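Some notes on the structure that comes next.
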Amino acid sequence: MKKILVRKNAYYDSVFLMLATKVLKQRPGIREAVVAMGTEVNLALLKEIGLLSGEAESAMPNDLIIAMEAETGDAAEEGCRTAEEILKKKSHGGGEGEYRPVSLEGALSICPEANLVVISVPGLYAAREARKALNRGLHVMIFSDHVPVEEEVELKEMALQRGLLMMGPDCGTAILNGKPLCFANVVRRGPIGLVAASGSGLQEVCCCIDRMGGGISQAIGTGGRDLQDLRVGGRMTLMGIEALKQDPATRVIVVLSKPPAEEVAAAVLSKLKETGKPCVAHFLGRKPSGDLGSIWFSGNMEEAAATAVALSKGEQYQRKRSSLLEAEMEKAADHEVKHMTPEQRYVRGIFSGGTLATEAMALFEEEGFGILSNVRKEPGRVLQSPHRSEGHAIVDMGDDVFTLGRPHPMIDSSLREERIAVEAADPETALVLLDVVLGYGAHEDPCGALAESLSRAKAQVAGRGGYLSVIASITGTEKDFQNKAEQKKKLEAAGCLVMPSNHQASLLAVHVMRRLGSRAHSGLSR
Amino acid sequence: MNVKKINELFSKELKVINMGLDSFSDNLRKEEVKVLQMGWKPPAGGDKKLISLLEKLGH
């Protein structure tokens, strides 16, 4: 029984639509459900699953489509009622009577003192709106992705000429004047200023700084392409560094990025030197090649935070070689492998943050483990199917291949919960490595949701006579609304080892895998 | 490189216009940021030809 409804001229945002779809799918008797706007992509998707007919065929991007396939007519009716309720709740929740201008001109007539526009409309329209904002002298943050690089270059050039911030596109995180924007954590204010071309990386470094007693002056996001794509050429990173140079509240500058293009890296380093302030550079996956005058290079994100905190106190960070921590890790690793079966030999990373996944992969590779992944491009390192792990694998579940039409795993943990079950069913899985990102934008209780799946997974493996090791880190602070300490307790109650940083979680995972010895090392040639 | 306006922003109260996801406005309000949520919709009902025409007309 198919039921397809169209609401003309009723626009809803993507996060709401995906959550509405999820609620509808969970109703008894509903086989398939889609709540979506009538965009070309969505119409094609509906057609593919046989849920496009009648009025929906000519729907426009402004029209809402509710389509479902139910087991019975009653279930379909009940599904429609549920959909109506969700929509009604949404229109009430949005604040009845609150006027919502449809144009930037309208918004500025109500709020002429506005100084920042945050844009998270579909990528197709984002540049158009950003252009208008920049032309009106407003700073811009574009959260949306799928904005063509040519438009990014044009927008950043406009911003440069006008002396304005143009954070993004695909900028998920920023903290300006102590206020977290989009996906960001509540952290202490202080003298450390950051410019980052990585969302989850920026969150991790900010949270580590907070845990170590340091504080943030400004955290400027640039979007991932700023340093990686020569055409963008680090425009916003260089501008961000200049602004932090001139900011009296910033005493230390940190730059964070996935490996930048060589020419761009050189420009960034020369700009950092010019600031005259102590600086920390962390280019993921690239080993530090010695410090350079006032620029300190760090080998991982936690070390970048520690270096910045030390410098902000007028001290120098001492790299630790062997420490008590290593001994503790050895002990924990011994315990973890004790009850594993000989078949259990692979690490499986199930990540929600791209940079966090990259950091874990880099460490494993350094330690001689060949890691397969859905986000790697090197020959021999690409997972044949992103949906099925083989050998040692680390999967970034925030990648487009998983999130098309589904909420990002930081918002909704069900994607990762499904994957945990898949990995637990594989008798070769020895260890599951996870990141959990807290803060605004993220799930309200991510560890609570994951803990249930992890307990089930551990019980399943124990039922086969083995032991599933689960190691995680939580990117967040006690000031985040989810409360890091509370979240940690939930994971620990499910038998997980929770480490203070993604680097330490990855390091402990390496120790465990080393313990498993040579039987795991031949992973890739399987 | 002129960054005067960025440094001015650093010393001012943030006042945000949020175009898109409602949840970003809700979160900013929890942090006591003044925010105006727009009722954004795709321009010209999402009709690509009309949008390109509007662009040419400077809208």
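FYI, nothing fancy with the structure tokens labels: chains A, B, ... in order, residues from 1 per chain, ligands from 1 as they appear.
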
Chain A contacts to chain B at 7 Å (only C-alpha atoms) as a ChimeraX atom specification: /A:11,13,60-62,100-103,107,113-121,163-165,177,179,182,243,247,440

Expected file contents, prior selection, C-alpha atoms, as a tab-separated table (two decimals), in the first residue's frame:
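What landed in selection35.tsv:
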chain	number	residue	atom	x	y	z
A	11	TYR	CA	9.97	24.25	2.95
A	13	ASP	CA	15.43	21.99	6.43
A	60	MET	CA	9.39	21.59	-7.01
A	61	PRO	CA	12.23	22.09	-4.50
A	62	ASN	CA	9.82	24.16	-2.41
A	100	ARG	CA	10.99	34.85	9.76
A	101	PRO	CA	12.13	37.00	6.88
A	102	VAL	CA	12.66	35.10	3.65
A	103	SER	CA	15.28	37.46	2.25
A	107	ALA	CA	16.40	40.14	7.88
A	113	GLU	CA	23.17	45.55	13.59
A	114	ALA	CA	23.77	41.93	12.46
A	115	ASN	CA	27.46	41.18	11.85
A	116	LEU	CA	27.56	37.50	10.89
A	117	VAL	CA	25.48	35.36	8.54
A	118	VAL	CA	25.52	31.59	9.07
A	119	ILE	CA	24.45	29.74	5.93
A	120	SER	CA	23.36	26.09	5.93
A	121	VAL	CA	20.97	26.06	2.95
A	163	GLY	CA	38.30	42.60	4.85
A	164	LEU	CA	35.59	40.14	5.91
A	165	LEU	CA	35.60	36.59	7.23
A	177	ASN	CA	34.09	35.66	20.85
A	179	LYS	CA	30.40	31.59	21.16
A	182	CYS	CA	27.32	25.16	14.26
A	243	ALA	CA	43.58	38.75	12.12
A	247	ASP	CA	44.26	40.51	17.95
A	440	TYR	CA	26.24	21.83	19.86

In region 169-357 of chain A, DSSP strand (DSSP E) residues written as a PyMOL selection string: chain A and resi 173-176+179-182+189-196+216-221+252-257+279-283+295-297+346-351

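The set of residues in chain B assigned to helix (DSSP H, G or I) by DSSP, using only backbone atoms of this structure, is Lys4, Lys5, Ile6, Asn7, Glu8, Leu9, Phe10, Asp22, Ser23, Phe24, Ser25, Asp26, Asn27, Leu28, Arg29, Lys30, Pro43, Ala44, Gly45, Gly46, Lys48, Lys49, Leu50, Ile51, Ser52, Leu53, Leu54, Glu55 and Lys56 of chain B.
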
Write to file, as a short mmCIF file (atom, residue, chain, number, x, y, z; two decimals), in the first residue's frame, the residues of the selection just made, with C-alpha atoms.
data_model
loop_
_atom_site.label_atom_id
_atom_site.label_comp_id
_atom_site.auth_asym_id
_atom_site.auth_seq_id
_atom_site.Cartn_x
_atom_site.Cartn_y
_atom_site.Cartn_z
CA LYS B 4 40.37 45.68 10.55
CA LYS B 5 36.74 44.58 10.25
CA ILE B 6 37.57 41.10 11.52
CA ASN B 7 39.34 42.54 14.54
CA GLU B 8 36.38 44.84 15.13
CA LEU B 9 34.13 41.77 15.09
CA PHE B 10 36.35 40.14 17.75
CA ASP B 22 16.82 25.92 12.74
CA SER B 23 18.88 24.02 15.31
CA PHE B 24 21.82 26.39 14.83
CA SER B 25 19.62 29.29 15.98
CA ASP B 26 18.32 27.35 18.97
CA ASN B 27 21.89 26.56 20.04
CA LEU B 28 23.07 30.15 19.68
CA ARG B 29 20.15 31.35 21.80
CA LYS B 30 21.21 28.91 24.54
CA PRO B 43 14.45 31.23 -4.69
CA ALA B 44 11.86 31.15 -7.50
CA GLY B 45 10.48 27.91 -6.07
CA GLY B 46 13.74 26.20 -7.01
CA LYS B 48 16.78 26.85 -12.11
CA LYS B 49 15.95 28.91 -15.22
CA LEU B 50 14.14 31.53 -13.20
CA ILE B 51 16.95 31.66 -10.66
CA SER B 52 19.53 32.28 -13.36
CA LEU B 53 17.29 35.03 -14.77
CA LEU B 54 16.99 36.60 -11.32
CA GLU B 55 20.80 36.46 -10.95
CA LYS B 56 21.17 38.34 -14.23
#

All residues 8 Å or closer to Ala308 (chain A), only C-alpha atoms, same chain fewer than 6 positions away omitted, as a PDB file with C-alpha atoms, in the first residue's frame:
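Saved to result_15.pdb:
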ATOM      1  CA  ILE A 192      45.064  30.666  22.108  1.00  0.00           C
ATOM      2  CA  ILE A 209      43.197  22.757  25.228  1.00  0.00           C
ATOM      3  CA  VAL A 252      49.585  31.896  20.611  1.00  0.00           C
ATOM      4  CA  ILE A 253      48.420  30.901  17.128  1.00  0.00           C
ATOM      5  CA  VAL A 254      47.584  27.334  16.081  1.00  0.00           C
ATOM      6  CA  CYS A 279      52.824  29.424  16.677  1.00  0.00           C
ATOM      7  CA  VAL A 280      51.917  25.748  16.475  1.00  0.00           C
TER       8      VAL A 280
END

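In this structure, CA of Leu356 (chain A) sits 25.0 Å away from CA of Pro148 (chain A).
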
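The neighbours of Pro427 (chain A) here are the residues that come within 9 Å of it, using only C-alpha atoms and leaving out any residue fewer than 5 positions away in the same chain; they are Thr341, Glu343, Gln344, Arg345, Val461, Arg464 and Gly466 of chain A.
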
Residues near Ser385 (chain A), cut-off 10 Å, only C-alpha atoms, skip fewer than 5 positions along chain, as a ChimeraX atom specification: /A:373-374,390

Same residues, C-alpha atoms, saved as a compact mmCIF listing (two decimals), in the first residue's frame:
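Saved as again-v9.txt:
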# COMPACT_ATOMS: atom_id res chain seq x y z
CA SER A 373 39.45 2.82 4.43
CA ASN A 374 36.59 4.34 2.46
CA GLU A 390 38.16 -6.35 5.49

Applying 10 Å and only C-alpha atoms, which residues near Gln504 (chain A) remain after dropping the ones on its own chain fewer than 5 positions away? List them as a PDB file with N, CA and C atoms, in the first residue's frame.
ATOM      1  N   ASN A 300      50.623  15.109  16.643  1.00  0.00           N
ATOM      2  CA  ASN A 300      49.207  14.735  16.725  1.00  0.00           C
ATOM      3  C   ASN A 300      48.419  15.887  17.325  1.00  0.00           C
ATOM      4  N   GLU A 302      46.526  16.150  20.027  1.00  0.00           N
ATOM      5  CA  GLU A 302      46.654  16.381  21.472  1.00  0.00           C
ATOM      6  C   GLU A 302      47.969  17.122  21.760  1.00  0.00           C
ATOM      7  N   LEU A 325      52.245   6.466  31.268  1.00  0.00           N
ATOM      8  CA  LEU A 325      51.092   6.181  30.421  1.00  0.00           C
ATOM      9  C   LEU A 325      51.329   4.958  29.539  1.00  0.00           C
ATOM     10  N   GLU A 326      52.533   4.882  28.965  1.00  0.00           N
ATOM     11  CA  GLU A 326      52.876   3.741  28.103  1.00  0.00           C
ATOM     12  C   GLU A 326      52.753   2.436  28.891  1.00  0.00           C
ATOM     13  N   MET A 329      49.267   1.545  29.393  1.00  0.00           N
ATOM     14  CA  MET A 329      48.677   1.059  28.142  1.00  0.00           C
ATOM     15  C   MET A 329      49.048  -0.406  27.909  1.00  0.00           C
ATOM     16  N   ALA A 360      43.745   8.594  13.403  1.00  0.00           N
ATOM     17  CA  ALA A 360      43.892   7.201  13.839  1.00  0.00           C
ATOM     18  C   ALA A 360      44.606   6.378  12.760  1.00  0.00           C
ATOM     19  N   ILE A 471      37.553   0.527  22.277  1.00  0.00           N
ATOM     20  CA  ILE A 471      38.313   1.681  22.772  1.00  0.00           C
ATOM     21  C   ILE A 471      37.743   2.942  22.129  1.00  0.00           C
ATOM     22  N   ALA A 472      37.537   3.961  22.949  1.00  0.00           N
ATOM     23  CA  ALA A 472      36.914   5.184  22.421  1.00  0.00           C
ATOM     24  C   ALA A 472      37.551   6.419  23.020  1.00  0.00           C
ATOM     25  N   SER A 473      37.318   7.559  22.371  1.00  0.00           N
ATOM     26  CA  SER A 473      37.638   8.836  23.003  1.00  0.00           C
ATOM     27  C   SER A 473      36.439   9.745  22.810  1.00  0.00           C
ATOM     28  N   VAL A 498      37.787   4.221  27.764  1.00  0.00           N
ATOM     29  CA  VAL A 498      37.648   5.580  27.224  1.00  0.00           C
ATOM     30  C   VAL A 498      38.918   6.364  27.522  1.00  0.00           C
ATOM     31  N   MET A 499      39.563   6.835  26.469  1.00  0.00           N
ATOM     32  CA  MET A 499      40.822   7.556  26.617  1.00  0.00           C
ATOM     33  C   MET A 499      40.582   9.060  26.499  1.00  0.00           C
ATOM     34  N   ALA A 509      44.847   1.395  21.080  1.00  0.00           N
ATOM     35  CA  ALA A 509      44.406   0.396  20.097  1.00  0.00           C
ATOM     36  C   ALA A 509      45.617  -0.240  19.406  1.00  0.00           C
ATOM     37  N   VAL A 510      46.635   0.580  19.117  1.00  0.00           N
ATOM     38  CA  VAL A 510      47.864   0.053  18.512  1.00  0.00           C
ATOM     39  C   VAL A 510      48.521  -0.953  19.465  1.00  0.00           C
TER      40      VAL A 510
END

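The list of residues with at least one atom within 10 Å of Thr275 (chain A), based on only C-alpha atoms and without residues fewer than 5 positions apart in the same chain, reads Ile241, Glu242, Ala243, Leu244, Lys245, Gln246, Val252, Ile253, Ser270 and Ser294 of chain A.
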
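Shortest separation to Ile474 (chain A) among A:Leu51, A:Ala261, A:Cys207, A:Val337 occurs at residue A:Cys207, atoms counted being only C-alpha atoms.
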
Interatomic distance, CA of Val347 (chain A) to CA of Gly439 (chain A) (Å, one decimal): 27.3 Å
